[in-house]
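Visitor: Structure: target.cif, mmCIF, C-alpha atoms.
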data_my_file
#
loop_
_atom_site.label_atom_id
_atom_site.label_comp_id
_atom_site.auth_asym_id
_atom_site.auth_seq_id
_atom_site.Cartn_x
_atom_site.Cartn_y
_atom_site.Cartn_z
CA MET L 1 -197.02 187.92 -87.54
CA LYS L 2 -195.73 188.75 -84.07
CA THR L 3 -199.24 189.69 -82.97
CA ILE L 4 -200.62 186.40 -84.26
CA LYS L 5 -197.91 184.45 -82.43
CA THR L 6 -198.66 186.32 -79.23
CA VAL L 7 -202.38 185.56 -79.48
CA VAL L 8 -201.73 181.88 -80.24
CA LEU L 9 -199.25 181.65 -77.37
CA LEU L 10 -201.77 183.11 -74.95
CA PHE L 11 -204.37 180.68 -76.26
CA PHE L 12 -202.14 177.67 -75.57
CA ILE L 13 -201.23 178.93 -72.09
CA ILE L 14 -204.88 179.44 -71.16
CA LEU L 15 -205.79 176.08 -72.69
CA SER L 16 -203.06 174.30 -70.75
CA GLN L 17 -204.28 175.85 -67.49
CA ASN L 18 -207.84 174.76 -68.22
CA LEU L 19 -206.66 171.26 -69.05
CA MET L 20 -204.71 170.97 -65.82
CA ALA L 21 -207.76 172.14 -63.87
CA GLN L 22 -209.60 169.04 -65.05
CA CYS L 23 -207.12 166.56 -63.53
CA TRP L 24 -208.03 164.86 -60.23
CA THR L 25 -205.34 164.26 -57.61
CA GLN L 26 -207.09 162.91 -54.47
CA ILE L 27 -210.29 161.13 -53.50
CA ALA L 28 -212.12 160.32 -50.26
CA THR L 29 -215.49 158.78 -49.53
CA GLY L 30 -218.01 158.77 -46.70
CA SER L 31 -220.95 156.41 -46.34
CA TYR L 32 -222.83 157.92 -49.26
CA HIS L 33 -220.77 160.86 -50.53
CA ILE L 34 -217.43 161.50 -52.23
CA LEU L 35 -214.83 164.26 -51.99
CA ALA L 36 -212.18 164.92 -54.60
CA LEU L 37 -209.35 167.37 -55.24
CA LYS L 38 -208.26 168.75 -58.56
CA SER L 39 -204.73 169.68 -59.56
CA ASP L 40 -205.66 173.35 -59.34
CA GLY L 41 -206.35 173.00 -55.60
CA THR L 42 -210.13 173.17 -55.91
CA LEU L 43 -212.37 170.90 -53.83
CA TRP L 44 -215.38 168.99 -55.18
CA SER L 45 -218.08 166.72 -53.74
CA TRP L 46 -221.21 164.75 -54.64
CA GLY L 47 -223.72 162.28 -53.18
CA LEU L 48 -225.83 162.45 -50.02
CA ASN L 49 -225.96 165.88 -48.36
CA ASP L 50 -228.52 165.56 -45.54
CA LYS L 51 -226.02 166.80 -42.92
CA GLY L 52 -224.24 169.28 -45.17
CA GLN L 53 -221.38 166.84 -45.77
CA LEU L 54 -220.90 168.10 -49.33
CA GLY L 55 -219.94 171.52 -47.97
CA ASP L 56 -221.63 173.52 -50.73
CA GLY L 57 -223.84 175.54 -48.37
CA THR L 58 -226.94 173.41 -48.96
CA THR L 59 -228.45 170.12 -47.84
CA VAL L 60 -229.39 169.12 -51.38
CA ASN L 61 -228.00 165.85 -52.76
CA LYS L 62 -225.82 166.09 -55.88
CA ASN L 63 -225.27 163.36 -58.49
CA VAL L 64 -222.47 165.15 -60.33
CA PRO L 65 -219.24 166.71 -58.99
CA THR L 66 -220.01 170.10 -57.44
CA GLN L 67 -217.34 172.61 -56.45
CA ILE L 68 -217.09 173.60 -52.78
CA GLY L 69 -216.50 177.33 -52.62
CA THR L 70 -213.82 179.00 -54.73
CA ASP L 71 -210.64 178.33 -52.72
CA THR L 72 -207.68 176.85 -54.60
CA ASP L 73 -205.43 175.90 -51.68
CA TRP L 74 -206.86 172.56 -50.53
CA THR L 75 -204.24 169.83 -50.16
CA ILE L 76 -205.45 166.77 -48.14
CA ILE L 77 -208.98 165.36 -47.72
CA ASP L 78 -210.83 162.68 -45.77
CA ALA L 79 -214.46 161.61 -45.28
CA GLU L 80 -216.44 159.08 -43.30
CA ASP L 81 -220.12 158.56 -42.55
CA SER L 82 -221.70 162.06 -42.84
CA ASN L 83 -218.51 164.02 -42.20
CA SER L 84 -215.83 165.63 -44.34
CA MET L 85 -212.53 167.27 -43.52
CA ALA L 86 -209.59 168.81 -45.33
CA LEU L 87 -206.27 170.55 -44.87
CA LYS L 88 -205.07 173.63 -46.71
CA THR L 89 -201.57 174.37 -47.94
CA ASN L 90 -201.04 176.67 -44.94
CA GLY L 91 -201.56 173.76 -42.52
CA THR L 92 -205.02 174.82 -41.33
CA LEU L 93 -207.72 172.24 -40.62
CA TRP L 94 -211.31 172.49 -41.85
CA MET L 95 -214.39 170.33 -41.25
CA TRP L 96 -218.07 170.16 -42.19
CA GLY L 97 -221.05 167.82 -41.99
CA ASN L 98 -222.62 166.12 -38.97
CA ASN L 99 -221.72 167.50 -35.53
CA GLU L 100 -224.10 165.74 -33.17
CA SER L 101 -221.19 164.34 -31.12
CA GLY L 102 -218.87 167.32 -31.43
CA GLN L 103 -216.86 165.61 -34.16
CA LEU L 104 -216.31 168.87 -36.02
CA GLY L 105 -214.17 170.13 -33.16
CA ASN L 106 -215.57 173.66 -33.02
CA GLY L 107 -216.84 173.35 -29.45
CA SER L 108 -220.49 172.73 -30.26
CA PHE L 109 -222.54 169.52 -30.41
CA GLY L 110 -226.09 168.21 -30.16
CA THR L 111 -228.93 166.67 -32.13
CA GLY L 112 -229.39 168.43 -35.45
CA ASN L 113 -226.05 170.22 -35.15
CA PHE L 114 -224.14 170.33 -38.44
CA SER L 115 -222.29 172.67 -40.79
CA ASN L 116 -222.90 172.73 -44.54
CA THR L 117 -219.79 174.80 -45.27
CA PRO L 118 -216.15 174.20 -44.26
CA ILE L 119 -215.31 175.76 -40.89
CA GLN L 120 -211.78 176.19 -39.55
CA ILE L 121 -210.95 174.08 -36.49
CA SER L 122 -208.64 175.88 -34.06
CA SER L 123 -206.17 178.50 -35.27
CA ASP L 124 -203.27 176.07 -35.52
CA THR L 125 -201.32 175.85 -38.77
CA ASP L 126 -199.28 172.69 -38.20
CA TRP L 127 -201.71 169.87 -39.07
CA VAL L 128 -200.34 167.21 -41.46
CA LYS L 129 -202.50 164.05 -41.27
CA ILE L 130 -206.25 163.67 -40.74
CA SER L 131 -208.83 160.92 -40.29
CA THR L 132 -212.53 161.12 -39.47
CA GLY L 133 -214.48 158.15 -38.17
CA GLY L 134 -217.95 159.60 -38.24
CA LEU L 135 -218.58 160.36 -34.56
CA ARG L 136 -214.96 161.24 -33.80
CA THR L 137 -211.95 162.76 -35.51
CA PHE L 138 -208.17 162.47 -35.27
CA ALA L 139 -205.30 164.50 -36.63
CA LEU L 140 -201.50 164.60 -36.44
CA LYS L 141 -199.30 167.64 -36.18
CA THR L 142 -195.89 168.29 -37.68
CA ASN L 143 -194.28 167.59 -34.29
CA GLY L 144 -195.62 164.02 -34.30
CA THR L 145 -198.32 164.59 -31.66
CA LEU L 146 -201.76 162.98 -31.91
CA TRP L 147 -205.03 164.82 -31.31
CA GLY L 148 -208.66 163.69 -31.14
CA TRP L 149 -212.16 165.00 -30.50
CA GLY L 150 -215.80 163.93 -30.57
CA GLU L 151 -217.70 161.01 -29.07
CA ASN L 152 -215.82 158.89 -26.48
CA LEU L 153 -218.46 156.52 -25.14
CA TYR L 154 -216.19 153.47 -25.14
CA GLY L 155 -212.82 155.16 -24.87
CA HIS L 156 -212.76 155.73 -28.61
CA LEU L 157 -210.56 158.83 -28.32
CA GLY L 158 -207.71 156.94 -26.68
CA THR L 159 -207.46 159.37 -23.75
CA GLY L 160 -207.68 156.67 -21.06
CA ASN L 161 -211.24 157.59 -20.08
CA VAL L 162 -214.70 158.03 -21.60
CA THR L 163 -214.86 161.82 -21.44
CA PRO L 164 -215.86 163.42 -24.76
CA HIS L 165 -214.00 166.41 -26.17
CA TYR L 166 -215.52 168.97 -28.47
CA THR L 167 -212.29 170.68 -29.50
CA PRO L 168 -208.91 169.11 -30.43
CA PHE L 169 -207.40 167.36 -27.39
CA GLN L 170 -203.88 165.90 -27.29
CA ILE L 171 -203.75 162.14 -26.79
CA GLY L 172 -200.83 161.23 -24.55
CA ASN L 173 -197.39 162.80 -24.82
CA ALA L 174 -195.85 160.76 -27.64
CA THR L 175 -194.28 162.70 -30.50
CA ASP L 176 -193.56 159.82 -32.87
CA TRP L 177 -196.91 159.21 -34.56
CA THR L 178 -196.78 159.03 -38.35
CA ASP L 179 -200.22 157.85 -39.54
CA ILE L 180 -203.79 157.50 -38.29
CA SER L 181 -206.93 155.71 -39.54
CA THR L 182 -210.23 155.59 -37.68
CA SER L 183 -213.66 154.06 -38.23
CA GLY L 184 -216.97 153.73 -36.44
CA ASN L 185 -215.66 151.63 -33.54
CA HIS L 186 -211.86 151.49 -33.57
CA THR L 187 -208.70 153.35 -34.51
CA LEU L 188 -205.32 152.26 -35.85
CA ALA L 189 -202.12 154.29 -35.80
CA LEU L 190 -198.47 153.92 -36.77
CA LYS L 191 -195.31 155.20 -35.12
CA THR L 192 -191.97 156.12 -36.66
CA ASN L 193 -190.57 152.69 -35.75
CA ASN L 194 -193.30 150.98 -37.84
CA THR L 195 -195.15 149.61 -34.81
CA LEU L 196 -198.94 149.25 -34.98
CA TRP L 197 -201.23 150.64 -32.28
CA GLY L 198 -204.98 150.49 -31.71
CA TRP L 199 -207.78 151.52 -29.36
CA GLY L 200 -211.56 151.57 -29.07
CA LEU L 201 -213.76 148.50 -29.44
CA ASN L 202 -212.30 145.15 -30.44
CA LYS L 203 -215.51 144.37 -32.28
CA GLU L 204 -215.16 141.09 -34.17
CA GLY L 205 -211.42 141.22 -33.45
CA ALA L 206 -210.66 144.44 -35.36
CA LEU L 207 -207.90 145.39 -32.88
CA ALA L 208 -206.63 141.87 -32.15
CA ILE L 209 -206.47 142.91 -28.49
CA GLY L 210 -208.44 140.96 -25.89
CA ILE L 211 -211.55 138.93 -26.60
CA PRO L 212 -213.71 140.09 -29.53
CA ASP L 213 -217.02 141.74 -28.54
CA VAL L 214 -216.36 141.02 -24.87
CA GLY L 215 -213.44 143.11 -23.71
CA PRO L 216 -211.50 144.80 -22.63
CA ILE L 217 -212.44 148.20 -23.99
CA ILE L 218 -209.15 149.71 -25.13
CA THR L 219 -209.17 153.32 -23.90
CA MET L 220 -205.51 154.11 -24.62
CA PRO L 221 -203.22 153.48 -27.62
CA THR L 222 -202.07 149.88 -27.20
CA GLN L 223 -199.54 148.07 -29.35
CA THR L 224 -200.98 145.34 -31.54
CA GLY L 225 -200.06 143.60 -34.79
CA ASN L 226 -198.05 140.87 -33.06
CA ASN L 227 -195.86 143.64 -31.59
CA THR L 228 -193.64 143.64 -34.66
CA SER L 229 -191.97 146.70 -36.21
CA ASP L 230 -192.69 146.16 -39.88
CA TRP L 231 -196.07 147.80 -40.51
CA LEU L 232 -196.22 150.34 -43.33
CA LYS L 233 -199.84 151.22 -44.18
CA ILE L 234 -203.14 150.97 -42.28
CA CYS L 235 -206.87 151.25 -42.86
CA ALA L 236 -209.61 150.97 -40.23
CA GLY L 237 -213.01 150.50 -41.84
CA ASN L 238 -216.68 150.55 -40.94
CA CYS L 239 -217.64 148.74 -37.73
CA CYS L 240 -214.88 146.19 -37.44
CA SER L 241 -212.52 145.74 -40.36
CA SER L 242 -208.77 146.38 -40.26
CA LYS L 243 -206.36 145.99 -43.15
CA MET L 244 -202.61 146.59 -43.06
CA ILE L 245 -199.67 146.35 -45.41
CA LYS L 246 -196.19 145.46 -44.17
CA THR L 247 -192.85 146.79 -45.32
CA ASP L 248 -192.36 143.61 -47.35
CA GLY L 249 -195.52 144.34 -49.38
CA SER L 250 -197.67 141.62 -47.80
CA ILE L 251 -201.27 142.42 -46.86
CA TRP L 252 -202.94 141.47 -43.56
CA ALA L 253 -206.37 141.55 -41.93
CA MET L 254 -207.83 141.81 -38.44
CA GLY L 255 -211.51 141.78 -37.55
CA GLY L 256 -214.74 140.81 -39.15
CA ILE L 257 -217.45 141.28 -41.75
CA GLY L 258 -216.31 137.69 -42.24
CA SER L 259 -219.72 136.46 -43.32
CA TYR L 260 -219.20 138.52 -46.49
CA GLY L 261 -215.68 137.20 -47.00
CA ASN L 262 -214.16 140.57 -46.14
CA VAL L 263 -211.24 139.04 -44.24
CA GLY L 264 -209.96 137.86 -47.62
CA ASN L 265 -208.46 134.56 -46.48
CA GLY L 266 -211.09 132.38 -48.14
CA GLY L 267 -213.19 131.98 -45.01
CA ILE L 268 -216.42 133.52 -43.77
CA THR L 269 -215.51 134.21 -40.14
CA GLY L 270 -213.66 137.07 -38.51
CA VAL L 271 -210.12 136.85 -37.14
CA ASN L 272 -208.77 138.14 -33.82
CA THR L 273 -205.11 137.93 -34.80
CA PRO L 274 -203.23 139.58 -37.69
CA THR L 275 -203.92 137.20 -40.57
CA ARG L 276 -202.05 137.27 -43.85
CA ILE L 277 -204.09 137.45 -47.06
CA GLY L 278 -202.54 135.25 -49.75
CA ILE L 279 -198.80 135.02 -50.41
CA ASP L 280 -198.17 138.04 -52.64
CA ASN L 281 -195.67 140.71 -51.64
CA ASP L 282 -196.59 143.43 -54.10
CA TRP L 283 -199.44 145.34 -52.46
CA SER L 284 -199.19 149.14 -52.46
CA THR L 285 -202.44 150.51 -50.99
CA VAL L 286 -205.66 149.26 -49.37
CA SER L 287 -209.08 150.59 -48.31
CA THR L 288 -211.67 148.65 -46.32
CA GLY L 289 -215.20 148.71 -44.92
CA ASN L 290 -217.89 146.09 -45.62
CA HIS L 291 -215.75 145.31 -48.63
CA THR L 292 -212.06 145.76 -49.36
CA CYS L 293 -210.19 147.08 -52.37
CA ALA L 294 -206.44 147.07 -52.82
CA ILE L 295 -203.92 147.97 -55.52
CA LYS L 296 -200.73 146.13 -56.41
CA ASN L 297 -197.42 147.65 -57.46
CA ASN L 298 -198.25 146.93 -61.10
CA GLY L 299 -201.37 149.11 -60.83
CA THR L 300 -203.93 146.28 -60.93
CA LEU L 301 -207.02 146.59 -58.73
CA TRP L 302 -208.31 143.76 -56.53
CA SER L 303 -211.37 143.48 -54.31
CA TRP L 304 -213.19 141.13 -51.94
CA GLY L 305 -216.04 141.02 -49.41
CA PHE L 306 -219.60 142.30 -49.65
CA ASN L 307 -220.83 142.80 -53.22
CA PHE L 308 -224.64 143.00 -53.27
CA GLN L 309 -224.53 146.42 -54.99
CA GLY L 310 -221.62 145.59 -57.28
CA GLN L 311 -219.12 147.53 -55.16
CA LEU L 312 -216.32 145.05 -55.92
CA GLY L 313 -216.34 146.18 -59.54
CA ASP L 314 -215.80 142.73 -61.03
CA GLY L 315 -218.97 142.77 -63.13
CA SER L 316 -220.96 140.66 -60.69
CA ASN L 317 -222.98 141.03 -57.48
CA THR L 318 -221.39 137.99 -55.86
CA ASN L 319 -219.45 138.21 -52.60
CA ARG L 320 -215.77 137.23 -52.84
CA THR L 321 -213.74 135.63 -50.05
CA VAL L 322 -210.33 136.15 -51.66
CA PRO L 323 -208.82 139.05 -53.65
CA THR L 324 -210.36 139.07 -57.13
CA GLN L 325 -209.15 141.34 -59.92
CA ALA L 326 -211.64 144.09 -60.66
CA GLY L 327 -212.22 146.67 -63.32
CA PRO L 328 -210.60 147.14 -66.73
CA THR L 329 -206.87 146.93 -67.33
CA ASN L 330 -206.36 150.50 -66.15
CA THR L 331 -203.34 151.32 -64.08
CA TRP L 332 -204.78 152.50 -60.77
CA LEU L 333 -203.21 154.99 -58.35
CA THR L 334 -205.52 154.85 -55.35
CA VAL L 335 -208.89 153.48 -54.26
CA LYS L 336 -211.38 154.31 -51.48
CA THR L 337 -214.30 152.22 -50.24
CA GLY L 338 -217.58 153.80 -49.14
CA LEU L 339 -220.35 151.97 -47.33
CA ASN L 340 -221.48 150.11 -50.45
CA HIS L 341 -219.69 151.93 -53.24
CA THR L 342 -216.12 152.43 -54.41
CA VAL L 343 -214.20 155.28 -56.02
CA ALA L 344 -210.76 155.04 -57.61
CA LEU L 345 -208.24 157.25 -59.35
CA SER L 346 -206.56 155.92 -62.48
CA SER L 347 -202.99 156.66 -63.52
CA ASN L 348 -204.24 159.30 -65.95
CA HIS L 349 -205.88 161.10 -63.00
CA THR L 350 -209.41 160.25 -64.09
CA ILE L 351 -212.00 159.25 -61.47
CA TYR L 352 -214.05 156.06 -61.69
CA ALA L 353 -216.84 154.94 -59.35
CA TRP L 354 -219.06 151.88 -58.97
CA GLY L 355 -221.47 150.14 -56.59
CA TRP L 356 -224.54 151.58 -54.90
CA ASN L 357 -225.81 154.87 -56.33
CA ASN L 358 -228.95 155.56 -54.31
CA TYR L 359 -227.92 159.15 -53.52
CA GLY L 360 -225.95 159.89 -56.67
CA GLN L 361 -222.63 159.08 -55.00
CA LEU L 362 -221.24 157.61 -58.21
CA GLY L 363 -221.31 161.12 -59.69
CA ASP L 364 -222.42 160.05 -63.16
CA GLY L 365 -225.63 162.10 -63.20
CA THR L 366 -227.84 159.07 -62.51
CA PHE L 367 -229.04 157.04 -59.55
CA GLU L 368 -228.28 153.68 -61.15
CA ASP L 369 -225.97 151.12 -59.55
CA LYS L 370 -222.87 149.98 -61.46
CA ASN L 371 -220.92 146.73 -60.94
CA THR L 372 -217.94 147.78 -63.05
CA PRO L 373 -215.85 150.96 -62.81
CA TYR L 374 -217.63 153.86 -64.50
CA GLN L 375 -215.73 156.95 -65.56
CA ILE L 376 -216.90 160.24 -64.03
CA GLY L 377 -216.70 163.00 -66.62
CA ASN L 378 -214.02 163.15 -69.28
CA SER L 379 -210.55 161.67 -69.17
CA CYS L 380 -207.88 164.04 -67.93
CA PRO L 381 -206.59 165.75 -71.11
CA LEU L 382 -203.06 165.94 -69.75
CA SER L 383 -202.86 162.17 -70.03
CA THR L 384 -203.28 162.17 -73.81
CA SER L 385 -200.70 162.69 -76.53
CA GLU L 386 -203.13 164.70 -78.65
CA PHE L 387 -201.83 167.99 -77.30
CA ASN L 388 -198.23 168.85 -76.51
CA LEU L 389 -197.68 172.36 -75.27
CA ASN L 390 -193.92 172.20 -75.71
CA GLU L 391 -194.27 171.21 -79.37
CA ALA L 392 -196.83 173.96 -79.90
CA LEU L 393 -194.50 176.55 -78.44
CA HIS L 394 -191.67 175.22 -80.56
CA VAL L 395 -193.73 175.79 -83.68
CA LEU L 396 -194.30 179.39 -82.64
CA SER L 397 -190.60 180.11 -82.10
#
Show how you would write the structure in this file as structure tokens.

Guide:
Amino acid sequence: MKTIKTVVLLFFIILSQNLMAQCWTQIATGSYHILALKSDGTLWSWGLNDKGQLGDGTTVNKNVPTQIGTDTDWTIIDAEDSNSMALKTNGTLWMWGNNESGQLGNGSFGTGNFSNTPIQISSDTDWVKISTGGLRTFALKTNGTLWGWGENLYGHLGTGNVTPHYTPFQIGNATDWTDISTSGNHTLALKTNNTLWGWGLNKEGALAIGIPDVGPIITMPTQTGNNTSDWLKICAGNCCSSKMIKTDGSIWAMGGIGSYGNVGNGGITGVNTPTRIGIDNDWSTVSTGNHTCAIKNNGTLWSWGFNFQGQLGDGSNTNRTVPTQAGPTNTWLTVKTGLNHTVALSSNHTIYAWGWNNYGQLGDGTFEDKNTPYQIGNSCPLSTSEFNLNEALHVLS
């Protein structure tokens, strides 16, 4: 009997480990590819892979989740355009994908330059926040300093000039940065006092600094957001979209893609000042690009903006100018917008994707577009009540 109990116990322990390995914890999306982390620390990707952005050692597109290497110590991920980056539990920084502008930070650059496997950037072990904007990259260290590298044609790096850097370069001397979000043309950042800062191009008013599309070019971190000290979360998206959440839970917009309704205020023009979206004070997270998706405190998912490929997830292909509830009645944890697709993580740690699927970025094994959230793989078993390890062990005792 003791032998049988031992065998059964080992079976349940192995089963529980396998179940946990199937749970997703983080998601990130580039223009046409997706990254995701599992609870066992493994890293996965799928979608377009022409610049090696999937990191699996090939340039072959994948339409199902594919594991990147065998490491189990990945902890934070980000992606944009044809680039991917991640942090490990030891604080090291890794990047892969397109490197034509030196955005990988390994000192090289040039047409056709890319890496299809993760490469370590510098030997530092104190990185804590990361954000890639396609042609340039930013990261924060544990001491609150801000670093950037890559293309700097219009002062995008925030160094006060237009000199590119091909390895991590400290931006200013401030040590109170807490968050960073960058896109194709502009960057937003937060400080410990909840002030909002921006630099780069004020295209369509995305920075709310100066005159949109005219000037000035903002080459250094400059305070924006009405100079108030109540900003909590930020997202810089695509060419010219900025979304922010304040400490009171209200959601705000700066910038354009207005013709698609992406500002979210009911209009079809961009805004050059921080503009509140609706009157609700229960927003918890937001992601933006040509379209915007946001989650409320009650776990409901809302979307607005461009919707020709069904990326809003509301069952239609109609643009929306105000937040419109999307998807089933799932409780959502986080959401990320790609160029014309969306990926989200539900409260049971299952991944859903929808929108454009031309390169297999929805991860469902097809190349068919979806205009409602579509589950990738099986539900996370740990979210069900069908198996309870504690009860099983109790039976064995």

Visitor: Starting from the displayed file, determine the output of the PyMOL selection byres ((chain L and resi 107) around 12) and express the residue list as a list of chain:residue names.

Guide: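 With the PyMOL selection byres ((chain L and resi 107) around 12) on this model, the match is L:Asn99, L:Glu100, L:Ser101, L:Gly102, L:Gln103, L:Leu104, L:Gly105, L:Asn106, L:Ser108, L:Phe109, L:Gly110, L:Asn113, L:Phe114, L:Ile119, L:Gln120, L:Ile121, L:Ser122, L:Trp149, L:Gly150, L:Pro164, L:His165, L:Tyr166, L:Thr167, L:Pro168, L:Phe169.
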
Visitor: Between L:Asn281, L:Ser82, L:Thr25, L:Ser303, which has the minimum distance to L:Leu48 (counting all atoms listed in the file)?

Guide: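 The shortest atom-to-atom distance to L:Leu48 comes from L:Ser82.
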
Visitor: Env of stretch 254-261 of chain L: 7 Å cut, atoms = only C-alpha atoms, seq-sep filter 5 positions within chain, self excluded. Answer as a PDB file with C-alpha atoms, in the frame of the given file.

Guide:
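Final file, selection-v9.pdb:
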ATOM      1  CA  GLU L 204    -215.160 141.090 -34.170  1.00  0.00           C
ATOM      2  CA  GLY L 205    -211.420 141.220 -33.450  1.00  0.00           C
ATOM      3  CA  ALA L 206    -210.660 144.440 -35.360  1.00  0.00           C
ATOM      4  CA  LEU L 207    -207.900 145.390 -32.880  1.00  0.00           C
ATOM      5  CA  ALA L 208    -206.630 141.870 -32.150  1.00  0.00           C
ATOM      6  CA  CYS L 240    -214.880 146.190 -37.440  1.00  0.00           C
ATOM      7  CA  SER L 241    -212.520 145.740 -40.360  1.00  0.00           C
ATOM      8  CA  SER L 242    -208.770 146.380 -40.260  1.00  0.00           C
ATOM      9  CA  LYS L 243    -206.360 145.990 -43.150  1.00  0.00           C
ATOM     10  CA  GLY L 266    -211.090 132.380 -48.140  1.00  0.00           C
ATOM     11  CA  GLY L 267    -213.190 131.980 -45.010  1.00  0.00           C
ATOM     12  CA  ILE L 268    -216.420 133.520 -43.770  1.00  0.00           C
ATOM     13  CA  THR L 269    -215.510 134.210 -40.140  1.00  0.00           C
ATOM     14  CA  GLY L 270    -213.660 137.070 -38.510  1.00  0.00           C
ATOM     15  CA  VAL L 271    -210.120 136.850 -37.140  1.00  0.00           C
ATOM     16  CA  ASN L 272    -208.770 138.140 -33.820  1.00  0.00           C
ATOM     17  CA  THR L 273    -205.110 137.930 -34.800  1.00  0.00           C
ATOM     18  CA  PRO L 274    -203.230 139.580 -37.690  1.00  0.00           C
ATOM     19  CA  THR L 275    -203.920 137.200 -40.570  1.00  0.00           C
ATOM     20  CA  ASN L 290    -217.890 146.090 -45.620  1.00  0.00           C
ATOM     21  CA  TRP L 304    -213.190 141.130 -51.940  1.00  0.00           C
ATOM     22  CA  GLY L 305    -216.040 141.020 -49.410  1.00  0.00           C
ATOM     23  CA  PHE L 306    -219.600 142.300 -49.650  1.00  0.00           C
ATOM     24  CA  ASN L 319    -219.450 138.210 -52.600  1.00  0.00           C
ATOM     25  CA  ARG L 320    -215.770 137.230 -52.840  1.00  0.00           C
ATOM     26  CA  THR L 321    -213.740 135.630 -50.050  1.00  0.00           C
TER      27      THR L 321
END

Visitor: For the file shown, report as a ChimeraX atom specification the outcome of the PyMOL selection byres ((chain L and resi 183) around 12) at residue level.

Guide: /L:30-31,78-81,83,131-138,156-157,180-182,184-189,198-203,206-207,234-243,287-290,338-339

Visitor: Can you measure atom CA of L:Asn340 to atom CA of L:Lys51 for me? One decimal in Å is fine.

Guide: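 Atom CA of L:Asn340 sits 18.9 Å away from atom CA of L:Lys51.
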
Visitor: Applied to the shown file, which residues does the PyMOL selection byres ((chain L and resi 141) around 10) return, written as a VMD selection string?

Guide: chain L and resid 91 124 to 130 139 to 140 142 to 147 175 177 to 178

Visitor: Could you write out the selected residues, including C-alpha atoms, as an mmCIF file, in the frame of the given file?

Guide:
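Contents of part_23.cif, freshly written:
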data_model
loop_
_atom_site.group_PDB
_atom_site.id
_atom_site.type_symbol
_atom_site.label_atom_id
_atom_site.label_comp_id
_atom_site.auth_asym_id
_atom_site.auth_seq_id
_atom_site.Cartn_x
_atom_site.Cartn_y
_atom_site.Cartn_z
ATOM 1 C CA GLY L 91 -201.560 173.760 -42.520
ATOM 2 C CA ASP L 124 -203.270 176.070 -35.520
ATOM 3 C CA THR L 125 -201.320 175.850 -38.770
ATOM 4 C CA ASP L 126 -199.280 172.690 -38.200
ATOM 5 C CA TRP L 127 -201.710 169.870 -39.070
ATOM 6 C CA VAL L 128 -200.340 167.210 -41.460
ATOM 7 C CA LYS L 129 -202.500 164.050 -41.270
ATOM 8 C CA ILE L 130 -206.250 163.670 -40.740
ATOM 9 C CA ALA L 139 -205.300 164.500 -36.630
ATOM 10 C CA LEU L 140 -201.500 164.600 -36.440
ATOM 11 C CA THR L 142 -195.890 168.290 -37.680
ATOM 12 C CA ASN L 143 -194.280 167.590 -34.290
ATOM 13 C CA GLY L 144 -195.620 164.020 -34.300
ATOM 14 C CA THR L 145 -198.320 164.590 -31.660
ATOM 15 C CA LEU L 146 -201.760 162.980 -31.910
ATOM 16 C CA TRP L 147 -205.030 164.820 -31.310
ATOM 17 C CA THR L 175 -194.280 162.700 -30.500
ATOM 18 C CA TRP L 177 -196.910 159.210 -34.560
ATOM 19 C CA THR L 178 -196.780 159.030 -38.350
#
